[in-house]
Structures are given as structure tokens and as C-alpha cells.
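Q: Below is the file input_22.json, with JSON, C-alpha atoms.
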```
[["chain", "number", "residue", "atom", "x", "y", "z"],
["A", 451, "MET", "CA", -68.67, 12.42, -27.45],
["A", 452, "GLU", "CA", -71.84, 11.09, -29.03],
["A", 453, "LYS", "CA", -74.10, 12.23, -31.74],
["A", 454, "GLU", "CA", -77.20, 10.83, -33.38],
["A", 455, "ASN", "CA", -77.07, 10.03, -37.05],
["A", 456, "SER", "CA", -79.93, 10.15, -39.50],
["A", 457, "GLY", "CA", -80.95, 6.56, -38.77],
["A", 458, "GLY", "CA", -81.37, 7.25, -35.07],
["A", 459, "ARG", "CA", -78.18, 5.30, -34.22],
["A", 460, "ILE", "CA", -75.81, 6.42, -31.58],
["A", 461, "ILE", "CA", -72.27, 6.58, -32.87],
["A", 462, "MET", "CA", -69.30, 7.05, -30.63],
["A", 463, "GLU", "CA", -67.14, 9.77, -32.08],
["A", 464, "ASN", "CA", -63.73, 8.65, -31.18],
["A", 465, "ASP", "CA", -60.95, 6.89, -32.95],
["A", 466, "ALA", "CA", -62.08, 3.45, -31.76],
["A", 467, "ARG", "CA", -64.04, 1.33, -34.16],
["A", 468, "VAL", "CA", -67.73, 0.78, -33.56],
["A", 469, "GLU", "CA", -69.52, -2.44, -34.22],
["A", 470, "GLU", "CA", -72.31, -1.73, -36.64],
["A", 471, "THR", "CA", -75.18, -4.20, -36.38],
["A", 472, "THR", "CA", -78.67, -3.71, -37.72],
["A", 473, "PRO", "CA", -80.98, -2.95, -34.77],
["A", 474, "LEU", "CA", -84.56, -4.06, -34.52],
["A", 475, "GLU", "CA", -87.16, -1.39, -35.01],
["A", 476, "GLY", "CA", -87.39, 0.96, -32.01],
["A", 477, "GLU", "CA", -84.37, -0.63, -30.39],
["A", 478, "PHE", "CA", -81.32, 1.20, -29.35],
["A", 479, "VAL", "CA", -78.19, -0.84, -29.49],
["A", 480, "LEU", "CA", -75.35, 0.04, -27.20],
["A", 481, "LYS", "CA", -72.29, 0.21, -29.31],
["A", 482, "LYS", "CA", -69.51, -2.17, -28.40],
["A", 483, "GLN", "CA", -66.06, -0.85, -28.67],
["A", 484, "LEU", "CA", -63.71, -3.09, -30.47],
["A", 485, "LYS", "CA", -60.01, -3.06, -29.93],
["A", 486, "PRO", "CA", -58.31, -1.46, -32.89],
["A", 487, "PRO", "CA", -56.33, -3.95, -34.92],
["A", 488, "PRO", "CA", -52.59, -3.87, -34.33],
["A", 489, "PRO", "CA", -51.03, -1.47, -36.76],
["A", 490, "GLN", "CA", -48.84, -2.81, -39.49],
["A", 491, "GLU", "CA", -45.09, -2.51, -39.05],
["A", 492, "GLU", "CA", -44.81, 0.27, -41.59],
["A", 493, "GLU", "CA", -47.72, 2.17, -40.08],
["A", 494, "ARG", "CA", -46.22, 1.88, -36.65],
["A", 495, "THR", "CA", -42.93, 3.44, -37.70],
["A", 496, "GLN", "CA", -44.60, 6.14, -39.74],
["A", 497, "GLN", "CA", -47.15, 7.15, -37.15],
["A", 498, "ALA", "CA", -44.80, 7.08, -34.14],
["A", 499, "PRO", "CA", -44.82, 10.58, -32.69],
["A", 500, "PRO", "CA", -41.38, 12.18, -32.56],
["A", 501, "HIS", "CA", -39.76, 12.69, -29.22],
["A", 502, "PRO", "CA", -40.41, 16.23, -27.95],
["A", 503, "LEU", "CA", -36.67, 16.86, -27.81],
["A", 504, "TYR", "CA", -36.37, 16.14, -31.51],
["A", 505, "SER", "CA", -37.36, 18.89, -33.88],
["A", 506, "GLU", "CA", -37.14, 16.38, -36.73],
["A", 507, "PRO", "CA", -36.83, 12.61, -36.60],
["A", 508, "HIS", "CA", -33.20, 11.37, -36.69],
["A", 509, "LYS", "CA", -31.82, 14.81, -36.15],
["A", 510, "ILE", "CA", -29.39, 15.41, -33.30],
["A", 511, "PRO", "CA", -31.38, 17.07, -30.54],
["A", 512, "PRO", "CA", -30.14, 20.31, -29.04],
["A", 513, "TYR", "CA", -28.18, 18.95, -26.08],
["A", 514, "LYS", "CA", -26.80, 21.48, -23.70],
["A", 515, "VAL", "CA", -23.17, 20.50, -24.03],
["A", 516, "ARG", "CA", -20.26, 22.92, -24.07],
["A", 517, "HIS", "CA", -19.03, 23.85, -27.54],
["A", 518, "SER", "CA", -16.02, 25.97, -26.67],
["A", 519, "LEU", "CA", -12.93, 23.86, -26.19],
["A", 520, "THR", "CA", -10.36, 24.83, -23.58],
["A", 521, "PRO", "CA", -7.60, 22.66, -22.09],
["A", 522, "PHE", "CA", -9.86, 22.12, -19.09],
["A", 523, "THR", "CA", -12.99, 21.10, -21.00],
["A", 524, "ALA", "CA", -14.29, 17.71, -19.94],
["A", 525, "LEU", "CA", -17.19, 17.40, -22.37],
["A", 526, "CYS", "CA", -17.59, 19.16, -25.67],
["A", 527, "GLU", "CA", -19.94, 18.65, -28.57],
["A", 528, "HIS", "CA", -18.53, 19.29, -32.05],
["A", 529, "PRO", "CA", -15.12, 20.53, -30.85],
["A", 530, "ASP", "CA", -13.65, 22.52, -33.69],
["A", 531, "ARG", "CA", -9.95, 23.04, -33.04],
["A", 532, "ILE", "CA", -8.88, 19.50, -32.26],
["A", 533, "VAL", "CA", -7.73, 16.66, -34.50],
["A", 534, "PHE", "CA", -6.42, 13.19, -33.78],
["A", 535, "GLN", "CA", -3.98, 10.95, -35.56],
["A", 536, "HIS", "CA", -5.47, 8.82, -38.35],
["A", 537, "GLN", "CA", -8.57, 10.99, -38.51],
["A", 538, "GLU", "CA", -10.16, 10.55, -41.91],
["A", 539, "SER", "CA", -10.82, 13.57, -44.08],
["A", 540, "ASN", "CA", -14.59, 13.14, -43.93],
["A", 541, "GLU", "CA", -14.62, 12.17, -40.28],
["A", 542, "GLU", "CA", -16.06, 14.70, -37.86],
["A", 543, "ILE", "CA", -15.57, 14.64, -34.11],
["A", 544, "ILE", "CA", -19.02, 14.87, -32.56],
["A", 545, "LEU", "CA", -18.18, 14.42, -28.92],
["A", 546, "LEU", "CA", -15.05, 14.75, -26.82],
["A", 547, "ILE", "CA", -15.26, 13.16, -23.39],
["A", 548, "ARG", "CA", -12.80, 13.44, -20.54],
["A", 549, "LYS", "CA", -13.21, 12.69, -16.86],
["A", 550, "HIS", "CA", -15.15, 15.32, -14.96],
["A", 551, "PHE", "CA", -12.80, 18.13, -13.91],
["A", 552, "ILE", "CA", -13.82, 17.68, -10.29],
["A", 553, "THR", "CA", -11.86, 14.40, -10.29],
["A", 554, "ASN", "CA", -8.69, 16.54, -10.39],
["A", 555, "VAL", "CA", -9.44, 18.14, -7.03],
["A", 556, "PRO", "CA", -7.47, 15.59, -4.89],
["A", 557, "TRP", "CA", -4.17, 16.09, -6.71],
["A", 558, "ILE", "CA", -4.69, 19.87, -7.01],
["A", 559, "ALA", "CA", -5.31, 20.08, -3.26],
["A", 560, "LEU", "CA", -2.23, 17.94, -2.59],
["A", 561, "THR", "CA", -0.13, 20.15, -4.88],
["A", 562, "LEU", "CA", -1.27, 23.31, -3.09],
["A", 563, "PHE", "CA", -0.50, 21.76, 0.27],
["A", 564, "LEU", "CA", 2.98, 20.67, -0.86],
["A", 565, "LEU", "CA", 3.56, 24.08, -2.43],
["A", 566, "LEU", "CA", 3.01, 25.79, 0.91],
["A", 567, "LEU", "CA", 5.04, 23.30, 2.91],
["A", 568, "PRO", "CA", 8.60, 24.71, 2.45],
["A", 569, "PRO", "CA", 7.75, 28.33, 3.37],
["A", 570, "ILE", "CA", 6.13, 27.01, 6.54],
["A", 571, "LEU", "CA", 8.79, 24.46, 7.48],
["A", 572, "LEU", "CA", 12.07, 26.08, 6.39],
["A", 573, "PRO", "CA", 12.11, 28.86, 9.05],
["A", 574, "HIS", "CA", 11.70, 26.17, 11.72],
["A", 575, "LEU", "CA", 14.15, 23.69, 10.23],
["A", 576, "SER", "CA", 16.65, 24.16, 13.05],
["A", 577, "ILE", "CA", 13.93, 23.15, 15.54],
["A", 578, "ILE", "CA", 12.65, 20.17, 13.51],
["A", 579, "LEU", "CA", 16.09, 18.83, 12.57],
["A", 580, "PRO", "CA", 18.53, 20.26, 15.17],
["A", 581, "PHE", "CA", 21.41, 18.04, 14.03],
["A", 582, "LEU", "CA", 21.25, 19.35, 10.45],
["A", 583, "ASN", "CA", 24.11, 21.69, 9.67],
["A", 584, "VAL", "CA", 24.13, 22.60, 5.97],
["A", 585, "SER", "CA", 24.94, 25.76, 4.07],
["A", 586, "ALA", "CA", 22.28, 28.13, 2.76],
["A", 587, "LEU", "CA", 23.23, 27.24, -0.81],
["A", 588, "THR", "CA", 22.58, 23.55, -0.17],
["A", 589, "LYS", "CA", 19.21, 24.39, 1.34],
["A", 590, "THR", "CA", 18.36, 26.49, -1.73],
["A", 591, "ALA", "CA", 19.38, 23.69, -4.09],
["A", 592, "ALA", "CA", 17.34, 21.14, -2.16],
["A", 593, "THR", "CA", 14.31, 23.47, -2.15],
["A", 594, "LEU", "CA", 14.62, 24.06, -5.90],
["A", 595, "PHE", "CA", 14.78, 20.31, -6.46],
["A", 596, "TYR", "CA", 11.68, 19.90, -4.33],
["A", 597, "TYR", "CA", 9.76, 22.44, -6.43],
["A", 598, "LEU", "CA", 11.01, 20.85, -9.64],
["A", 599, "VAL", "CA", 9.65, 17.48, -8.56],
["A", 600, "LEU", "CA", 6.38, 19.15, -7.56],
["A", 601, "SER", "CA", 6.07, 20.80, -10.99],
["A", 602, "GLY", "CA", 6.76, 17.41, -12.57],
["A", 603, "PHE", "CA", 4.04, 15.84, -10.45],
["A", 604, "THR", "CA", 1.58, 18.53, -11.58],
["A", 605, "LEU", "CA", 2.57, 18.09, -15.22],
["A", 606, "ILE", "CA", 2.13, 14.32, -15.06],
["A", 607, "GLU", "CA", -1.19, 14.44, -13.21],
["A", 608, "PHE", "CA", -2.58, 16.99, -15.65],
["A", 609, "SER", "CA", -1.34, 14.89, -18.60],
["A", 610, "LEU", "CA", -3.04, 11.79, -17.20],
["A", 611, "TRP", "CA", -6.32, 13.67, -17.09],
["A", 612, "TYR", "CA", -5.86, 15.56, -20.36],
["A", 613, "PHE", "CA", -4.94, 12.54, -22.51],
["A", 614, "HIS", "CA", -7.37, 10.09, -20.90],
["A", 615, "LEU", "CA", -10.27, 10.81, -23.23],
["A", 616, "ALA", "CA", -12.72, 9.41, -25.72],
["A", 617, "PHE", "CA", -13.89, 10.63, -29.07],
["A", 618, "VAL", "CA", -17.23, 9.90, -30.66],
["A", 619, "THR", "CA", -17.08, 10.68, -34.36],
["A", 620, "ASN", "CA", -19.65, 10.22, -37.08],
["A", 621, "LYS", "CA", -17.98, 6.87, -37.89],
["A", 622, "ARG", "CA", -16.48, 5.37, -34.75],
["A", 623, "ILE", "CA", -15.78, 5.57, -31.07],
["A", 624, "ILE", "CA", -12.17, 5.94, -29.94],
["A", 625, "ASP", "CA", -11.17, 5.33, -26.35],
["A", 626, "VAL", "CA", -7.74, 6.52, -25.18],
["A", 627, "ASP", "CA", -6.81, 5.15, -21.76],
["A", 628, "ILE", "CA", -3.74, 6.54, -20.02],
["A", 629, "THR", "CA", -3.12, 4.74, -16.76],
["A", 630, "GLY", "CA", 0.40, 6.07, -16.27],
["A", 631, "ILE", "CA", 2.67, 8.42, -18.13],
["A", 632, "LEU", "CA", 4.29, 5.43, -19.85],
["A", 633, "PHE", "CA", 1.17, 3.29, -20.26],
["A", 634, "ARG", "CA", -1.45, 3.99, -22.87],
["A", 635, "HIS", "CA", -4.13, 1.86, -24.46],
["A", 636, "ILE", "CA", -6.14, 2.96, -27.46],
["A", 637, "ALA", "CA", -9.21, 1.13, -28.72],
["A", 638, "GLU", "CA", -11.78, 1.96, -31.35],
["A", 639, "THR", "CA", -14.98, 0.51, -32.69],
["A", 640, "LYS", "CA", -17.32, 1.40, -35.51],
["A", 641, "LEU", "CA", -20.62, 2.89, -34.52],
["A", 642, "ASP", "CA", -22.67, 0.16, -36.19],
["A", 643, "LEU", "CA", -20.93, -2.48, -34.05],
["A", 644, "VAL", "CA", -22.19, -0.92, -30.84],
["A", 645, "GLN", "CA", -24.75, -3.19, -29.18],
["A", 646, "ASP", "CA", -25.65, -1.47, -25.98],
["A", 647, "VAL", "CA", -24.86, 1.76, -24.17],
["A", 648, "SER", "CA", -25.41, 2.16, -20.45],
["A", 649, "TYR", "CA", -24.10, 4.11, -17.51],
["A", 650, "SER", "CA", -23.84, 3.80, -13.77],
["A", 651, "GLN", "CA", -23.84, 6.66, -11.32],
["A", 652, "TYR", "CA", -23.49, 6.00, -7.64],
["A", 653, "GLY", "CA", -22.38, 7.91, -4.60],
["A", 654, "LEU", "CA", -22.93, 11.38, -3.27],
["A", 655, "ILE", "CA", -20.15, 13.18, -5.15],
["A", 656, "ARG", "CA", -21.08, 11.62, -8.50],
["A", 657, "SER", "CA", -24.73, 12.50, -8.06],
["A", 658, "LEU", "CA", -23.88, 16.01, -6.90],
["A", 659, "PHE", "CA", -21.62, 16.79, -9.84],
["A", 660, "ASN", "CA", -23.51, 14.58, -12.30],
["A", 661, "TYR", "CA", -20.83, 12.24, -13.57],
["A", 662, "GLY", "CA", -20.62, 8.48, -13.93],
["A", 663, "ASP", "CA", -19.15, 5.53, -15.78],
["A", 664, "ILE", "CA", -20.40, 4.83, -19.30],
["A", 665, "PHE", "CA", -20.25, 1.28, -20.67],
["A", 666, "ILE", "CA", -20.44, 0.52, -24.37],
["A", 667, "GLN", "CA", -20.89, -3.09, -25.42],
["A", 668, "THR", "CA", -19.70, -3.95, -28.89],
["A", 669, "ALA", "CA", -20.23, -6.88, -31.22],
["A", 670, "GLY", "CA", -16.55, -6.97, -32.17],
["A", 671, "GLU", "CA", -13.75, -8.92, -30.56],
["A", 672, "ALA", "CA", -12.49, -5.85, -28.77],
["A", 673, "PRO", "CA", -13.42, -5.66, -25.11],
["A", 674, "ASN", "CA", -16.21, -3.37, -24.09],
["A", 675, "PHE", "CA", -15.54, 0.33, -23.86],
["A", 676, "GLU", "CA", -15.67, 2.19, -20.61],
["A", 677, "PHE", "CA", -15.56, 5.95, -20.15],
["A", 678, "ASP", "CA", -14.71, 6.57, -16.52],
["A", 679, "LYS", "CA", -16.26, 9.43, -14.60],
["A", 680, "ALA", "CA", -17.72, 11.09, -17.67],
["A", 681, "PRO", "CA", -19.77, 14.24, -17.07],
["A", 682, "GLN", "CA", -23.48, 14.27, -17.93],
["A", 683, "PRO", "CA", -23.62, 10.51, -18.69],
["A", 684, "GLY", "CA", -27.33, 10.59, -19.46],
["A", 685, "LYS", "CA", -26.86, 13.05, -22.28],
["A", 686, "ILE", "CA", -23.83, 11.18, -23.62],
["A", 687, "ILE", "CA", -25.61, 7.85, -23.90],
["A", 688, "GLN", "CA", -28.59, 9.58, -25.49],
["A", 689, "LEU", "CA", -26.34, 11.14, -28.11],
["A", 690, "VAL", "CA", -24.32, 7.96, -28.69],
["A", 691, "GLY", "CA", -27.50, 5.93, -28.98],
["A", 692, "ASP", "CA", -28.81, 8.37, -31.57],
["A", 693, "LEU", "CA", -25.58, 8.20, -33.57],
["A", 694, "VAL", "CA", -25.59, 4.41, -33.45],
["A", 695, "GLY", "CA", -29.17, 4.42, -34.74],
["A", 696, "LYS", "CA", -28.14, 6.68, -37.60],
["A", 697, "ALA", "CA", -25.10, 4.54, -38.41],
["A", 698, "ARG", "CA", -27.22, 1.40, -38.67],
["A", 699, "GLN", "CA", -29.61, 2.94, -41.17],
["B", 869, "MET", "CA", 51.39, 6.55, 6.16],
["B", 870, "THR", "CA", 49.13, 4.58, 8.45],
["B", 871, "ILE", "CA", 45.71, 3.25, 7.61],
["B", 872, "PHE", "CA", 44.26, 5.90, 9.86],
["B", 873, "ASP", "CA", 45.70, 8.59, 7.56],
["B", 874, "ILE", "CA", 43.78, 7.03, 4.63],
["B", 875, "ILE", "CA", 40.51, 6.55, 6.48],
["B", 876, "GLN", "CA", 40.58, 9.96, 8.21],
["B", 877, "PRO", "CA", 39.67, 12.09, 5.13],
["B", 878, "ILE", "CA", 36.98, 9.59, 4.10],
["B", 879, "ILE", "CA", 35.38, 9.77, 7.54],
["B", 880, "GLU", "CA", 35.57, 13.56, 7.45],
["B", 881, "LEU", "CA", 33.94, 13.56, 4.02],
["B", 882, "LEU", "CA", 31.19, 11.17, 5.10],
["B", 883, "THR", "CA", 30.41, 13.25, 8.16],
["B", 884, "ASN", "CA", 30.22, 16.41, 6.05],
["B", 885, "GLN", "CA", 26.48, 16.95, 5.69],
["B", 886, "ASN", "CA", 26.87, 19.33, 2.76],
["B", 887, "PHE", "CA", 28.75, 16.67, 0.82],
["B", 888, "ILE", "CA", 26.18, 13.96, 1.58],
["B", 889, "ILE", "CA", 23.31, 16.17, 0.53],
["B", 890, "LYS", "CA", 25.13, 17.20, -2.64],
["B", 891, "ILE", "CA", 25.82, 13.58, -3.64],
["B", 892, "THR", "CA", 22.21, 12.62, -2.88],
["B", 893, "LEU", "CA", 20.88, 15.56, -4.89],
["B", 894, "VAL", "CA", 23.14, 14.77, -7.85],
["B", 895, "LEU", "CA", 22.06, 11.13, -7.89],
["B", 896, "LEU", "CA", 18.36, 11.94, -7.53],
["B", 897, "LEU", "CA", 18.51, 14.75, -10.05],
["B", 898, "THR", "CA", 20.32, 12.61, -12.63],
["B", 899, "VAL", "CA", 17.57, 10.01, -12.42],
["B", 900, "TYR", "CA", 14.93, 12.74, -12.42],
["B", 901, "THR", "CA", 16.41, 14.46, -15.49],
["B", 902, "ILE", "CA", 16.24, 11.19, -17.45],
["B", 903, "PHE", "CA", 12.67, 10.73, -16.27],
["B", 904, "SER", "CA", 11.71, 14.31, -17.24],
["B", 905, "ALA", "CA", 13.15, 13.71, -20.73],
["B", 906, "ILE", "CA", 10.94, 10.62, -21.06],
["B", 907, "VAL", "CA", 7.93, 12.59, -19.82],
["B", 908, "ALA", "CA", 8.59, 15.40, -22.29],
["B", 909, "ARG", "CA", 8.97, 12.91, -25.14],
["B", 910, "GLN", "CA", 5.78, 11.09, -24.11],
["B", 911, "ILE", "CA", 3.82, 14.34, -23.90],
["B", 912, "SER", "CA", 5.08, 15.31, -27.37],
["B", 913, "ILE", "CA", 3.95, 11.95, -28.78],
["B", 914, "MET", "CA", 0.55, 12.22, -27.12],
["B", 915, "ASN", "CA", 0.12, 15.74, -28.45],
["B", 916, "THR", "CA", 0.79, 14.41, -31.93],
["B", 917, "LEU", "CA", -1.85, 11.76, -31.33],
["B", 918, "ILE", "CA", -4.37, 14.27, -30.01],
["B", 919, "ASN", "CA", -3.65, 17.70, -31.35],
["B", 920, "GLN", "CA", -5.61, 20.52, -29.75],
["B", 921, "LEU", "CA", -4.52, 23.35, -31.99],
["B", 922, "ASP", "CA", -4.68, 26.13, -29.40],
["B", 923, "PHE", "CA", -2.91, 24.28, -26.62],
["B", 924, "SER", "CA", -0.73, 21.40, -27.84],
["B", 925, "ALA", "CA", 2.28, 23.54, -28.76],
["B", 926, "PHE", "CA", 2.19, 25.29, -25.37],
["B", 927, "PHE", "CA", 1.83, 21.98, -23.56],
["B", 928, "LYS", "CA", 4.84, 20.51, -25.38],
["B", 929, "LEU", "CA", 6.82, 23.65, -24.55],
["B", 930, "LEU", "CA", 5.96, 23.25, -20.85],
["B", 931, "ALA", "CA", 7.13, 19.63, -20.86],
["B", 932, "TRP", "CA", 10.45, 20.46, -22.55],
["B", 933, "LEU", "CA", 10.89, 23.48, -20.26],
["B", 934, "HIS", "CA", 10.56, 21.15, -17.29],
["B", 935, "PHE", "CA", 13.32, 18.96, -18.76],
["B", 936, "ILE", "CA", 15.57, 22.00, -19.39],
["B", 937, "LEU", "CA", 15.04, 23.19, -15.80],
["B", 938, "SER", "CA", 16.09, 19.76, -14.55],
["B", 939, "CYS", "CA", 19.30, 19.98, -16.60],
["B", 940, "VAL", "CA", 19.99, 23.53, -15.38],
["B", 941, "LEU", "CA", 19.53, 22.53, -11.74],
["B", 942, "LEU", "CA", 21.78, 19.51, -12.19],
["B", 943, "LEU", "CA", 24.50, 21.71, -13.65],
["B", 944, "PHE", "CA", 24.00, 24.27, -10.87],
["B", 945, "ILE", "CA", 24.45, 21.60, -8.17],
["B", 946, "LEU", "CA", 27.52, 20.15, -9.89],
["B", 947, "ARG", "CA", 29.19, 23.51, -10.42],
["B", 948, "VAL", "CA", 28.22, 25.62, -7.41],
["B", 949, "LEU", "CA", 27.86, 23.22, -4.49]]
```
Output the structure of this file as C-alpha cells.

A:
Amino acid sequence: MEKENSGGRIIMENDARVEETTPLEGEFVLKKQLKPPPPQEEERTQQAPPHPLYSEPHKIPPYKVRHSLTPFTALCEHPDRIVFQHQESNEEIILLIRKHFITNVPWIALTLFLLLLPPILLPHLSIILPFLNVSALTKTAATLFYYLVLSGFTLIEFSLWYFHLAFVTNKRIIDVDITGILFRHIAETKLDLVQDVSYSQYGLIRSLFNYGDIFIQTAGEAPNFEFDKAPQPGKIIQLVGDLVGKARQ
Amino acid sequence: MTIFDIIQPIIELLTNQNFIIKITLVLLLTVYTIFSAIVARQISIMNTLINQLDFSAFFKLLAWLHFILSCVLLLFILRVL
């Protein structure tokens, strides 16, 4: 947009600076746009427009993460009715992360298949194993034992999923790894020691159900943290990154 | 008494399928009962570590119930079969 000032000079009305030289009489001078000087460091931080997701700078944006906590919840923001050992009085759990529930489908399907196996096979046992000659009571005991082992399998598989989790609090990140019912590894790091947060998502199933592996690099001696098959990894790293930024201030 | 008289009942016992299955079940179930006790204990410890107030007590109960069922089945096999 241009307008003519009182001296007959054309001035560009934009935020760019205009070189002002004295023209000769009757001469119009085309204004040269100069590059604006690089803003000072303070100016740059002050004038940076806030991200549209943020209503206020440094405020946790409204992520669409489940708040209600059930035993089957894989991702929950600000879970209210859960505490962990050695939780400090002023420490608040901001995020609870488990593996995506869809990762349980293989063992659930196997359990259902094994559950239906005895009713299908037992009536035909004399055909499958013709040499077997046992009493009905023995068969009942063996079947009960089978179902007991199956219930144990279900209990263990659910425990492995349920206790394999990570907490992000307002002070630290706690990673609980359960690789077997008798093997557990717990690691924690303070938020201000976090160097880098990234995630990888590959494959059809992971893309379809939106889950992936989150990697957190720390400055401490502890090895890097890894949250396997976490749901909505993009939102998690956004939230963790925001919390790390807050912790460093 | 000949050696055949000693071996005869052992052979009869070993060819009795009910007896073989009972012994196998007792052995397996003994090991399994010990294992289920360890699982119940481990689940209790983990629930202390991570305490979900609405669910942890129920989860611990399930684990101990599984152990009690193992004990009951072991006793049933020992007494009835």
C-alpha cells in the first residue's frame, strides 16, 4: 500500500524500513526496501507468537487424552486415583503411559482359543486317544488343572501389561519395565536432565492404531528411557517436551 | 516269594493309567502351587509399588484366589483320586 506524503514522497506503508534520501527537485525516488535488522534476543522471545494450541505461553495445552482411569487405560492425563511408592507429597502425576491395549490382542485371542479347546476335544477324546482308559473323575481333575493354568496365564499376561508403565510427574519421569513376572526394572530421571524426546512409528498396525516407541535421552548416567508401544506418541512427546521446558526455567 | 511276585504289583501300578495321571497331576500341581504363590506375592508387591486405588485390592484378591484354587485342587486330587 502506498500513499503520498506532504512532500510529494512515496512511502511504502508496510513494516519494512524505507530508505529516506533527499530527492532532487521534481524527481521521484523509488524507495529501496531494507532488510529489517535482526531482532535482539529479548525482542525475539517477547514477540514470538504463541502456538495456536496454547491459550497462554507455557501453559499445558488441552490435549485430548483420557482422564478417567480404569484398569484397562493405556494413556491418561492427570490420573487422580493412583499413587506410586516414594511419591513425594507435592509431586503430581501428569501422565500415565502403558502399552496400547491392542498389544494384548494376541494373548487374549490365544486364551479364548484355549478356553474353547476342552469342550470341543473332550467329547471326541476316545477317537483322538483310543488307548486312553481313565475314569471320569481323573478327566475332571485334569480339565480343572488345565483351566487353572489358563487362568494363571491370563493373570500373568495381564500383570505384564498392567505393571509395564511409565509415569511423567511434574518433577521426574519413572519407567517401570516388567519383562517377566519375576523380572522388573525401574528407572527414573529428573525432567531437567532430559535432553531429547523422540518417537518412532512404523508398520501398518502401529499407524492404524496410532502407537509407537518413545525414546527419551537423558544427560544422566542412566541409560535412555524407552516407552514401548505407547499410544498417541506425538501428543506424549509434545507434553513431555513442554514439561521439560517448564522444568528448565 | 519270587521276584516276579514283587515286580507284578509294580507293573500293574505302572500300567494303571489313572495312577500315572494322578501322580503326574500331583507333581505338576505341586510345582504350579508354589509358582502361583510367587505370582500372588509378586502381584501384591507390584500393587504396593503402583497403587491404583479402585483396582489394586481387587487385583491382589484375584492373585491370592488363584493360589487358593491351586491348593484346593491339589488337595482334591490327593484326597479323591

Q: Compute the chain A side of the contact with chain B at 8 Å, counting only C-alpha atoms, and hand it back as a ChimeraX atom specification.

A: /A:521,531-535,582-585,587-588,591-592,594-595,598,601-602,605-606,609,613,631-632

Q: Would you kindly return, as a list in words, each protein, DNA or RNA residue with an atom no farther than 12 Å from any atom of A:Tyr661, considering all atoms listed in the file and excluding same-chain residues fewer than 5 positions away?

A: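 So the residues in contact are Ala524, Leu525, Ile547, Arg548, Lys549, His550, Phe551, Ile552, Thr553, Tyr649, Ser650, Gln651, Tyr652, Gly653, Leu654, Ile655, Arg656, Phe677, Asp678, Lys679, Ala680, Pro681, Gln682, Pro683, Gly684, Lys685 and Ile686 of chain A.
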
Q: Can I get the selection written as a short mmCIF file (atom, residue, chain, number, x, y, z; two decimals), keeping the file's coordinate frame, with C-alpha atoms?

A:
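New file part-v1.cif:
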```cif
data_model
loop_
_atom_site.label_atom_id
_atom_site.label_comp_id
_atom_site.auth_asym_id
_atom_site.auth_seq_id
_atom_site.Cartn_x
_atom_site.Cartn_y
_atom_site.Cartn_z
CA ALA A 524 -14.29 17.71 -19.94
CA LEU A 525 -17.19 17.40 -22.37
CA ILE A 547 -15.26 13.16 -23.39
CA ARG A 548 -12.80 13.44 -20.54
CA LYS A 549 -13.21 12.69 -16.86
CA HIS A 550 -15.15 15.32 -14.96
CA PHE A 551 -12.80 18.13 -13.91
CA ILE A 552 -13.82 17.68 -10.29
CA THR A 553 -11.86 14.40 -10.29
CA TYR A 649 -24.10 4.11 -17.51
CA SER A 650 -23.84 3.80 -13.77
CA GLN A 651 -23.84 6.66 -11.32
CA TYR A 652 -23.49 6.00 -7.64
CA GLY A 653 -22.38 7.91 -4.60
CA LEU A 654 -22.93 11.38 -3.27
CA ILE A 655 -20.15 13.18 -5.15
CA ARG A 656 -21.08 11.62 -8.50
CA PHE A 677 -15.56 5.95 -20.15
CA ASP A 678 -14.71 6.57 -16.52
CA LYS A 679 -16.26 9.43 -14.60
CA ALA A 680 -17.72 11.09 -17.67
CA PRO A 681 -19.77 14.24 -17.07
CA GLN A 682 -23.48 14.27 -17.93
CA PRO A 683 -23.62 10.51 -18.69
CA GLY A 684 -27.33 10.59 -19.46
CA LYS A 685 -26.86 13.05 -22.28
CA ILE A 686 -23.83 11.18 -23.62
#
```

Q: At a cut-off of 12 Å, using only C-alpha atoms, what residues contact A:Ser648? Leave out same-chain residues fewer than 3 positions from it and give the result as a list in words.

A: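 Close residues of A:Ser648: Val644, Gln645, Gln651, Gly662, Asp663, Ile664, Phe665, Ile666, Gln667, Thr668, Asn674, Phe675, Glu676, Phe677, Pro683, Gly684, Lys685, Ile686, Ile687, Gln688, Leu689, Val690 and Gly691 of chain A.
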
Q: Would you compute the distance between atom CA of A:Ala697 and atom CA of A:Asn620? Give it in Å to one decimal.

A: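 Interatomic distance, atom CA of A:Ala697 to atom CA of A:Asn620: 8.0 Å.
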
Q: Any idea what the distance is between atom CA of A:Thr561 and atom CA of A:Glu607?

A: 10.2 Å

Q: Just how far from atom CA of A:Tyr597 is atom CA of B:Leu933, in Å to one decimal?

A: 13.9 Å

Q: Take the point (-21.3, -0.1, -39.1) in the file's coordinates, draw a sphere of radius 9 Å around it, and report as an NGL selection string every protein, DNA or RNA residue with an atom inside or on it, counting only C-alpha atoms.

A: :A and (621-622 or 640-644 or 694 or 697-698)
